[in-house]
file model.cif (mmCIF, C-alpha atoms and all ligand atoms)
data_upload
loop_
_atom_site.group_PDB
_atom_site.id
_atom_site.type_symbol
_atom_site.label_atom_id
_atom_site.label_comp_id
_atom_site.auth_asym_id
_atom_site.auth_seq_id
_atom_site.Cartn_x
_atom_site.Cartn_y
_atom_site.Cartn_z
ATOM 1 C CA MET A 1 77.076 47.829 80.417
ATOM 2 C CA LEU A 2 73.764 48.628 81.959
ATOM 3 C CA SER A 3 72.043 45.906 79.980
ATOM 4 C CA ASP A 4 74.383 43.284 81.457
ATOM 5 C CA PHE A 5 73.640 44.663 84.845
ATOM 6 C CA LEU A 6 69.899 44.412 84.377
ATOM 7 C CA ARG A 7 70.263 40.856 83.184
ATOM 8 C CA MET A 8 72.226 40.132 86.310
ATOM 9 C CA ILE A 9 69.491 41.319 88.622
ATOM 10 C CA LYS A 10 66.543 39.470 87.149
ATOM 11 C CA GLY A 11 63.513 39.618 89.377
ATOM 12 C CA PHE A 12 62.716 43.191 90.206
ATOM 13 C CA VAL A 13 59.969 45.771 90.400
ATOM 14 C CA LEU A 14 60.174 48.657 87.980
ATOM 15 C CA PHE A 15 59.068 52.208 88.759
ATOM 16 C CA ILE A 16 58.820 54.248 85.596
ATOM 17 C CA GLY A 17 56.810 57.105 84.168
ATOM 18 C CA PRO A 18 57.215 60.685 83.007
ATOM 19 C CA SER A 19 59.779 62.906 84.666
ATOM 20 C CA ALA A 20 58.565 64.702 87.794
ATOM 21 C CA ALA A 21 55.492 62.483 88.240
ATOM 22 C CA GLY A 22 56.718 61.644 91.744
ATOM 23 C CA LYS A 23 58.427 58.237 91.465
ATOM 24 C CA THR A 24 61.299 59.083 93.780
ATOM 25 C CA SER A 25 58.991 60.849 96.204
ATOM 26 C CA ILE A 26 56.781 57.771 96.485
ATOM 27 C CA LEU A 27 59.771 55.490 96.987
ATOM 28 C CA ARG A 28 61.187 57.811 99.632
ATOM 29 C CA ARG A 29 57.840 57.976 101.340
ATOM 30 C CA LEU A 30 57.619 54.197 101.387
ATOM 31 C CA VAL A 31 61.116 53.865 102.831
ATOM 32 C CA THR A 32 61.257 56.805 105.230
ATOM 33 C CA GLY A 33 57.596 57.707 105.792
ATOM 34 C CA LYS A 34 58.459 61.281 104.887
ATOM 35 C CA PHE A 35 58.035 63.677 101.991
ATOM 36 C CA HIS A 36 60.816 65.949 100.837
ATOM 37 C CA ASP A 37 60.498 68.380 97.989
ATOM 38 C CA GLN A 38 63.165 67.383 95.508
ATOM 39 C CA ASP A 39 64.568 67.615 92.025
ATOM 40 C CA PRO A 40 63.524 65.052 89.408
ATOM 41 C CA THR A 41 65.803 62.030 89.028
ATOM 42 C CA LEU A 42 67.976 62.377 85.976
ATOM 43 C CA GLY A 43 69.124 58.754 85.938
ATOM 44 C CA PHE A 44 68.298 55.763 88.076
ATOM 45 C CA SER A 45 67.674 54.951 91.693
ATOM 46 C CA GLN A 46 67.012 51.834 93.677
ATOM 47 C CA GLU A 47 65.284 51.024 96.957
ATOM 48 C CA ILE A 48 64.590 47.844 98.855
ATOM 49 C CA ILE A 49 61.032 47.937 100.134
ATOM 50 C CA ALA A 50 59.407 45.049 101.970
ATOM 51 C CA LYS A 51 62.493 43.085 100.859
ATOM 52 C CA VAL A 52 61.558 43.733 97.260
ATOM 53 C CA ARG A 53 64.065 45.278 94.911
ATOM 54 C CA VAL A 54 62.547 48.345 93.276
ATOM 55 C CA ILE A 55 64.326 50.090 90.444
ATOM 56 C CA GLU A 56 63.378 53.547 89.251
ATOM 57 C CA ILE A 57 64.395 54.743 85.842
ATOM 58 C CA GLY A 58 63.919 58.427 85.091
ATOM 59 C CA GLY A 59 61.476 59.619 82.460
ATOM 60 C CA GLN A 60 63.649 61.698 80.138
ATOM 61 C CA ALA A 61 63.658 60.801 76.469
ATOM 62 C CA SER A 62 67.330 59.835 76.730
ATOM 63 C CA LEU A 63 66.427 57.145 79.259
ATOM 64 C CA LYS A 64 63.657 55.485 77.258
ATOM 65 C CA GLU A 65 66.099 52.986 75.786
ATOM 66 C CA TYR A 66 66.819 51.839 79.344
ATOM 67 C CA TRP A 67 63.087 51.401 79.893
ATOM 68 C CA LYS A 68 63.122 48.988 77.005
ATOM 69 C CA VAL A 69 66.159 47.140 78.307
ATOM 70 C CA ALA A 70 64.472 46.807 81.685
ATOM 71 C CA LEU A 71 61.125 45.732 80.187
ATOM 72 C CA ASP A 72 62.896 43.106 78.176
ATOM 73 C CA GLN A 73 64.065 41.531 81.458
ATOM 74 C CA LYS A 74 60.403 40.937 82.382
ATOM 75 C CA PRO A 75 60.127 42.701 85.736
ATOM 76 C CA VAL A 76 57.761 40.883 88.112
ATOM 77 C CA LYS A 77 55.822 44.128 88.525
ATOM 78 C CA ILE A 78 55.761 47.511 86.852
ATOM 79 C CA PHE A 79 54.372 50.647 88.433
ATOM 80 C CA PHE A 80 53.788 53.427 85.939
ATOM 81 C CA VAL A 81 53.604 56.678 87.888
ATOM 82 C CA ILE A 82 51.916 59.762 86.452
ATOM 83 C CA ASP A 83 51.073 63.213 87.752
ATOM 84 C CA ILE A 84 47.272 63.179 88.008
ATOM 85 C CA THR A 85 47.103 66.873 87.117
ATOM 86 C CA ASN A 86 48.927 66.336 83.831
ATOM 87 C CA LYS A 87 46.904 64.856 80.983
ATOM 88 C CA SER A 88 49.944 64.342 78.792
ATOM 89 C CA ASP A 89 51.334 61.998 81.467
ATOM 90 C CA TYR A 90 48.178 59.921 81.094
ATOM 91 C CA LEU A 91 48.511 59.845 77.312
ATOM 92 C CA GLU A 92 52.108 58.777 77.749
ATOM 93 C CA PHE A 93 50.926 55.831 79.841
ATOM 94 C CA HIS A 94 48.831 54.529 76.948
ATOM 95 C CA ASP A 95 51.622 55.139 74.458
ATOM 96 C CA PHE A 96 53.849 53.123 76.760
ATOM 97 C CA LEU A 97 51.411 50.188 76.795
ATOM 98 C CA ASN A 98 50.965 50.271 73.018
ATOM 99 C CA GLU A 99 54.601 50.719 72.131
ATOM 100 C CA ASN A 100 55.900 47.950 74.352
ATOM 101 C CA ALA A 101 53.167 45.333 74.041
ATOM 102 C CA GLU A 102 55.223 43.356 71.579
ATOM 103 C CA LEU A 103 58.432 43.521 73.589
ATOM 104 C CA ASN A 104 56.672 42.425 76.760
ATOM 105 C CA PRO A 105 53.442 40.472 76.178
ATOM 106 C CA ASP A 106 52.642 40.453 79.929
ATOM 107 C CA LEU A 107 52.761 44.221 80.074
ATOM 108 C CA LEU A 108 49.055 44.840 80.661
ATOM 109 C CA GLU A 109 48.827 42.296 83.464
ATOM 110 C CA THR A 110 52.082 43.344 85.053
ATOM 111 C CA THR A 111 51.547 47.086 85.034
ATOM 112 C CA THR A 112 49.698 49.113 87.638
ATOM 113 C CA LEU A 113 49.011 52.782 87.056
ATOM 114 C CA ILE A 114 49.691 55.137 89.956
ATOM 115 C CA THR A 115 48.115 58.568 89.630
ATOM 116 C CA ASN A 116 50.195 60.656 91.997
ATOM 117 C CA LYS A 117 49.750 64.186 93.430
ATOM 118 C CA ILE A 118 46.106 63.533 94.267
ATOM 119 C CA ASP A 119 46.557 66.165 96.983
ATOM 120 C CA LEU A 120 46.573 68.846 94.264
ATOM 121 C CA ILE A 121 43.036 68.205 92.976
ATOM 122 C CA GLU A 122 39.535 67.707 94.329
ATOM 123 C CA THR A 123 38.180 65.151 91.861
ATOM 124 C CA PRO A 124 40.064 62.891 89.456
ATOM 125 C CA PRO A 125 39.886 64.039 85.804
ATOM 126 C CA THR A 126 37.220 62.356 83.705
ATOM 127 C CA HIS A 127 39.648 60.636 81.317
ATOM 128 C CA LEU A 128 40.583 58.381 84.232
ATOM 129 C CA ASN A 129 37.032 56.981 84.194
ATOM 130 C CA GLU A 130 38.213 54.743 81.376
ATOM 131 C CA GLU A 131 40.752 52.993 83.592
ATOM 132 C CA ASN A 132 39.683 49.753 85.268
ATOM 133 C CA PHE A 133 42.098 50.093 88.113
ATOM 134 C CA PHE A 134 44.592 52.642 89.314
ATOM 135 C CA ILE A 135 46.044 53.700 92.630
ATOM 136 C CA LYS A 136 45.443 57.300 93.614
ATOM 137 C CA SER A 137 48.438 58.421 95.587
ATOM 138 C CA SER A 138 50.094 61.363 97.198
ATOM 139 C CA ALA A 139 53.693 61.113 98.282
ATOM 140 C CA LYS A 140 52.942 64.336 100.147
ATOM 141 C CA THR A 141 50.024 63.172 102.311
ATOM 142 C CA GLY A 142 50.747 59.444 102.225
ATOM 143 C CA GLU A 143 47.487 58.533 100.484
ATOM 144 C CA GLY A 144 47.761 55.309 98.510
ATOM 145 C CA MET A 145 51.060 54.216 100.083
ATOM 146 C CA LEU A 146 49.431 51.248 101.812
ATOM 147 C CA ASP A 147 47.977 50.044 98.510
ATOM 148 C CA ILE A 148 51.416 50.131 96.920
ATOM 149 C CA LEU A 149 53.013 48.444 99.919
ATOM 150 C CA GLU A 150 50.401 45.714 99.852
ATOM 151 C CA ILE A 151 51.226 44.882 96.254
ATOM 152 C CA LEU A 152 54.960 44.932 97.016
ATOM 153 C CA ALA A 153 54.536 42.765 100.099
ATOM 154 C CA ASN A 154 52.681 40.181 98.043
ATOM 155 C CA LEU A 155 55.625 40.016 95.660
ATOM 156 C CA GLU A 156 58.049 38.957 98.352
ATOM 157 C CA GLY A 157 59.706 35.754 97.253
ATOM 158 C CA GLN A 158 59.186 36.467 93.574
ATOM 159 C CA THR A 159 62.084 38.878 93.402
ATOM 160 C CA ASN A 160 65.740 38.531 94.263
ATOM 161 C CA SER A 161 65.394 39.739 97.792
ATOM 162 C CA LEU A 162 68.938 40.394 98.950
ATOM 163 C CA GLU A 163 68.614 37.772 101.687
ATOM 164 C CA GLN A 164 72.372 37.820 102.061
ATOM 165 C CA ASP A 165 72.236 41.285 103.558
ATOM 166 C CA LYS A 166 69.020 41.841 105.460
ATOM 167 C CA SER A 167 70.294 44.972 107.128
ATOM 168 C CA VAL A 168 70.287 46.896 103.869
ATOM 169 C CA LYS A 169 67.219 49.099 103.665
ATOM 170 C CA ARG A 170 68.190 51.724 101.166
ATOM 171 C CA VAL A 171 70.784 50.481 98.769
ATOM 172 C CA SER A 172 71.337 53.579 96.777
ATOM 173 C CA GLU A 173 70.539 57.221 96.690
ATOM 174 C CA GLU A 174 69.821 58.688 93.336
ATOM 175 C CA HIS A 175 72.889 60.201 91.850
ATOM 176 C CA PRO A 176 73.982 63.817 91.997
ATOM 177 C CA ASN A 177 72.591 66.140 89.375
ATOM 178 C CA ASN A 178 75.890 67.370 88.005
ATOM 179 C CA GLN A 179 76.545 64.187 86.029
ATOM 180 C CA THR A 180 75.311 63.200 82.610
ATOM 181 C CA ASP A 181 72.799 60.368 82.367
ATOM 182 C CA ALA A 182 75.404 58.025 80.940
ATOM 183 C CA LYS A 183 77.871 58.841 83.698
ATOM 184 C CA LYS A 184 75.184 58.292 86.285
ATOM 185 C CA ALA A 185 74.215 54.970 84.834
ATOM 186 C CA GLU A 186 77.842 53.975 84.904
ATOM 187 C CA SER A 187 78.536 55.042 88.440
ATOM 188 C CA LEU A 188 75.306 53.510 89.678
ATOM 189 C CA LEU A 189 76.268 50.303 87.969
ATOM 190 C CA GLU A 190 79.634 50.349 89.719
ATOM 191 C CA GLU A 191 77.967 50.988 93.026
ATOM 192 C CA PHE A 192 75.513 48.134 92.541
ATOM 193 C CA GLN A 193 78.186 45.727 91.488
ATOM 194 C CA GLY A 194 80.171 46.649 94.577
ATOM 195 C CA LYS A 195 77.197 45.915 96.792
ATOM 196 C CA PHE A 196 75.808 42.657 95.478
HETATM 197 N N1 LIG A 201 52.001 68.105 95.671
HETATM 198 C C1 LIG A 201 52.725 67.009 95.447
HETATM 199 N N2 LIG A 201 53.960 67.103 94.922
HETATM 200 C C2 LIG A 201 54.656 65.965 94.705
HETATM 201 C C3 LIG A 201 54.123 64.689 95.008
HETATM 202 N N3 LIG A 201 55.040 63.751 94.668
HETATM 203 C C4 LIG A 201 56.096 64.425 94.190
HETATM 204 N N4 LIG A 201 55.892 65.763 94.202
HETATM 205 C C5 LIG A 201 56.819 66.810 93.727
HETATM 206 O O1 LIG A 201 56.981 66.643 92.323
HETATM 207 C C6 LIG A 201 58.330 66.880 91.932
HETATM 208 C C7 LIG A 201 58.907 65.667 91.251
HETATM 209 O O2 LIG A 201 58.987 64.577 92.160
HETATM 210 P P1 LIG A 201 60.002 63.369 91.956
HETATM 211 O O3 LIG A 201 59.704 62.380 93.024
HETATM 212 O O4 LIG A 201 61.390 63.854 91.877
HETATM 213 O O5 LIG A 201 59.527 62.838 90.530
HETATM 214 P P2 LIG A 201 60.196 61.696 89.601
HETATM 215 O O6 LIG A 201 60.962 62.412 88.546
HETATM 216 O O7 LIG A 201 59.041 60.939 89.022
HETATM 217 O O8 LIG A 201 61.041 60.838 90.476
HETATM 218 C C8 LIG A 201 59.081 67.256 93.216
HETATM 219 O O9 LIG A 201 59.097 68.655 93.321
HETATM 220 C C9 LIG A 201 58.213 66.643 94.297
HETATM 221 O O10 LIG A 201 58.377 67.305 95.505
HETATM 222 C C10 LIG A 201 52.795 64.616 95.557
HETATM 223 O O11 LIG A 201 52.223 63.565 95.832
HETATM 224 N N5 LIG A 201 52.146 65.814 95.746
HETATM 225 MG MG MG A 202 62.932 60.352 90.322
#
call {"tool": "encode", "arguments": {"input": "model.cif", "output": "structure tokens"}}
result
Amino acid sequence: MLSDFLRMIKGFVLFIGPSAAGKTSILRRLVTGKFHDQDPTLGFSQEIIAKVRVIEIGGQASLKEYWKVALDQKPVKIFFVIDITNKSDYLEFHDFLNENAELNPDLLETTTLITNKIDLIETPPTHLNEENFFIKSSAKTGEGMLDILEILANLEGQTNSLEQDKSVKRVSEEHPNNQTDAKKAESLLEEFQGKF
């Protein structure tokens, strides 16, 4: 089961947020330095960045239960990625904090908001004035990537860092789109178990 798997890999960074906010694009940019236009992730993906294990879970309603499973494992860091041009993404961020505060009391401290797609607008929307801190990013232009990397680099040592296989950079691609979420979770799980 996925929950067993997540328990097994304690010590990780979580990338979550609404579908199509740009989570995969940011992770790809961090790993490859490039931007590719792509389809939203329908399941999960994982990258190793600065030796830190980063797990992305897609934003579809059907995957929210996996968010909770992952949050329950107390990730060392959570990045909540939203599309800066989409106000409902921002509202979803606050719903996320409210709904999961009980499950994960460290949530506020652990979570950093990333407002992605900054390349699409001139000035950040005014509702963001209420945020103390957020990283403005663009997977397309590379803006904000250094800020994210800096946070990840500072986490080195706090996560299970795959020391046994230093050559592994990208552990897994996201899974093909012609599978159901459950199937994807299952096959990703198999792949992970084969690798670690
Ligand atoms: N203009 C622009 N488009 C982006 C950016 N990041 C992602 N996208 C596009 O937004 C869509 C969703 O991106 P994706 O990374 O799959 O989102 P995810 O579902 O959060 O993983 C894709 O078409 C991306 O090419 C960005 O910074 N700027
Ligand atoms: Mg994705």
call {"tool": "residues_near_ligand", "arguments": {"input": "model.cif", "ligand": "ligand LIG 201 (chain A)", "cutoff": "9 Å", "atoms": "all atoms listed in the file", "output": "PyMOL selection string"}}
result
chain A and resi 15-28+35-42+45+56-60+81-83+115-120+137-143
call {"tool": "closest_residue", "arguments": {"input": "model.cif", "among": "A:Thr111, A:His127, A:Phe134, A:Ala61", "to": "Ser88 in chain A", "atoms": "all atoms listed in the file"}}
result
A:His127
call {"tool": "atom_distance", "arguments": {"input": "model.cif", "atom1": "CA of Val52 in chain A", "atom2": "CA of Asn132 in chain A"}}
result
25.7 Å
call {"tool": "atom_distance", "arguments": {"input": "model.cif", "atom1": "CA of Lys87 in chain A", "atom2": "CA of Thr110 in chain A"}}
result
22.5 Å
call {"tool": "atom_distance", "arguments": {"input": "model.cif", "atom1": "CA of Ile148 in chain A", "atom2": "CA of Ile135 in chain A"}}
result
7.7 Å
call {"tool": "closest_residue", "arguments": {"input": "model.cif", "among": "A:Ile48, A:Leu63, A:Thr85, A:Lys77", "to": "Asn154 in chain A", "atoms": "all atoms listed in the file"}}
result
A:Lys77
call {"tool": "axis_aligned_box", "arguments": {"input": "model.cif", "around": "range 108-115 of chain A", "padding_each_side": "3 Å", "output": "AutoDock Vina command-line options"}}
result
--center_x 50.1 --center_y 50.4 --center_z 85.3 --size_x 10.0 --size_y 22.3 --size_z 15.3
call {"tool": "resolve_selection", "arguments": {"input": "model.cif", "expression": "the PyMOL selection byres (((chain A and resi 75) around 6) and not hetatm)", "output": "ChimeraX atom specification"}}
result
/A:11-13,73-74,76-77
call {"tool": "closest_residue", "arguments": {"input": "model.cif", "among": "A:Lys34, A:Ile55, A:Leu108, A:Ala101", "to": "ligand MG 202 (chain A)", "atoms": "all atoms listed in the file"}}
result
A:Ile55
call {"tool": "build_atoms", "arguments": {"input": "model.cif", "residues": "range 109-126 of chain A", "atoms": "N, CA, C and O atoms", "output": "compact mmCIF listing (two decimals), keeping the file's coordinate frame"}}
result
# COMPACT_ATOMS: atom_id res chain seq x y z
N GLU A 109 49.05 42.97 82.17
CA GLU A 109 48.83 42.30 83.46
C GLU A 109 49.81 42.77 84.52
O GLU A 109 49.46 42.83 85.70
N THR A 110 51.01 43.04 84.09
CA THR A 110 52.08 43.34 85.05
C THR A 110 52.06 44.79 85.54
O THR A 110 52.60 45.10 86.58
N THR A 111 51.42 45.65 84.74
CA THR A 111 51.55 47.09 85.03
C THR A 111 50.38 47.63 85.84
O THR A 111 49.22 47.37 85.55
N THR A 112 50.71 48.38 86.87
CA THR A 112 49.70 49.11 87.64
C THR A 112 49.96 50.60 87.50
O THR A 112 51.10 51.07 87.67
N LEU A 113 48.91 51.33 87.19
CA LEU A 113 49.01 52.78 87.06
C LEU A 113 48.88 53.43 88.43
O LEU A 113 47.97 53.10 89.20
N ILE A 114 49.80 54.32 88.74
CA ILE A 114 49.69 55.14 89.96
C ILE A 114 49.48 56.58 89.53
O ILE A 114 50.31 57.15 88.81
N THR A 115 48.36 57.15 89.93
CA THR A 115 48.12 58.57 89.63
C THR A 115 48.48 59.37 90.87
O THR A 115 47.74 59.39 91.85
N ASN A 116 49.64 59.98 90.82
CA ASN A 116 50.20 60.66 92.00
C ASN A 116 49.79 62.14 92.04
O ASN A 116 49.25 62.67 91.08
N LYS A 117 50.05 62.76 93.16
CA LYS A 117 49.75 64.19 93.43
C LYS A 117 48.25 64.42 93.55
O LYS A 117 47.74 65.49 93.18
N ILE A 118 47.55 63.41 94.07
CA ILE A 118 46.11 63.53 94.27
C ILE A 118 45.78 64.68 95.23
O ILE A 118 44.67 65.21 95.22
N ASP A 119 46.77 65.05 96.04
CA ASP A 119 46.56 66.17 96.98
C ASP A 119 46.32 67.49 96.27
O ASP A 119 45.80 68.45 96.86
N LEU A 120 46.68 67.57 94.98
CA LEU A 120 46.57 68.85 94.26
C LEU A 120 45.19 69.07 93.63
O LEU A 120 44.92 70.16 93.13
N ILE A 121 44.34 68.03 93.62
CA ILE A 121 43.04 68.20 92.98
C ILE A 121 41.90 67.66 93.84
O ILE A 121 42.12 66.85 94.73
N GLU A 122 40.70 68.13 93.56
CA GLU A 122 39.53 67.71 94.33
C GLU A 122 38.96 66.40 93.79
O GLU A 122 38.73 65.46 94.53
N THR A 123 38.75 66.37 92.46
CA THR A 123 38.18 65.15 91.86
C THR A 123 39.05 64.71 90.69
O THR A 123 39.55 65.54 89.93
N PRO A 124 39.22 63.38 90.55
CA PRO A 124 40.06 62.89 89.46
C PRO A 124 39.50 63.32 88.10
O PRO A 124 38.29 63.39 87.92
N PRO A 125 40.35 63.63 87.13
CA PRO A 125 39.89 64.04 85.80
C PRO A 125 39.09 62.93 85.12
O PRO A 125 39.33 61.75 85.38
N THR A 126 38.15 63.34 84.27
CA THR A 126 37.22 62.36 83.70
C THR A 126 37.89 61.31 82.82
O THR A 126 37.40 60.20 82.72
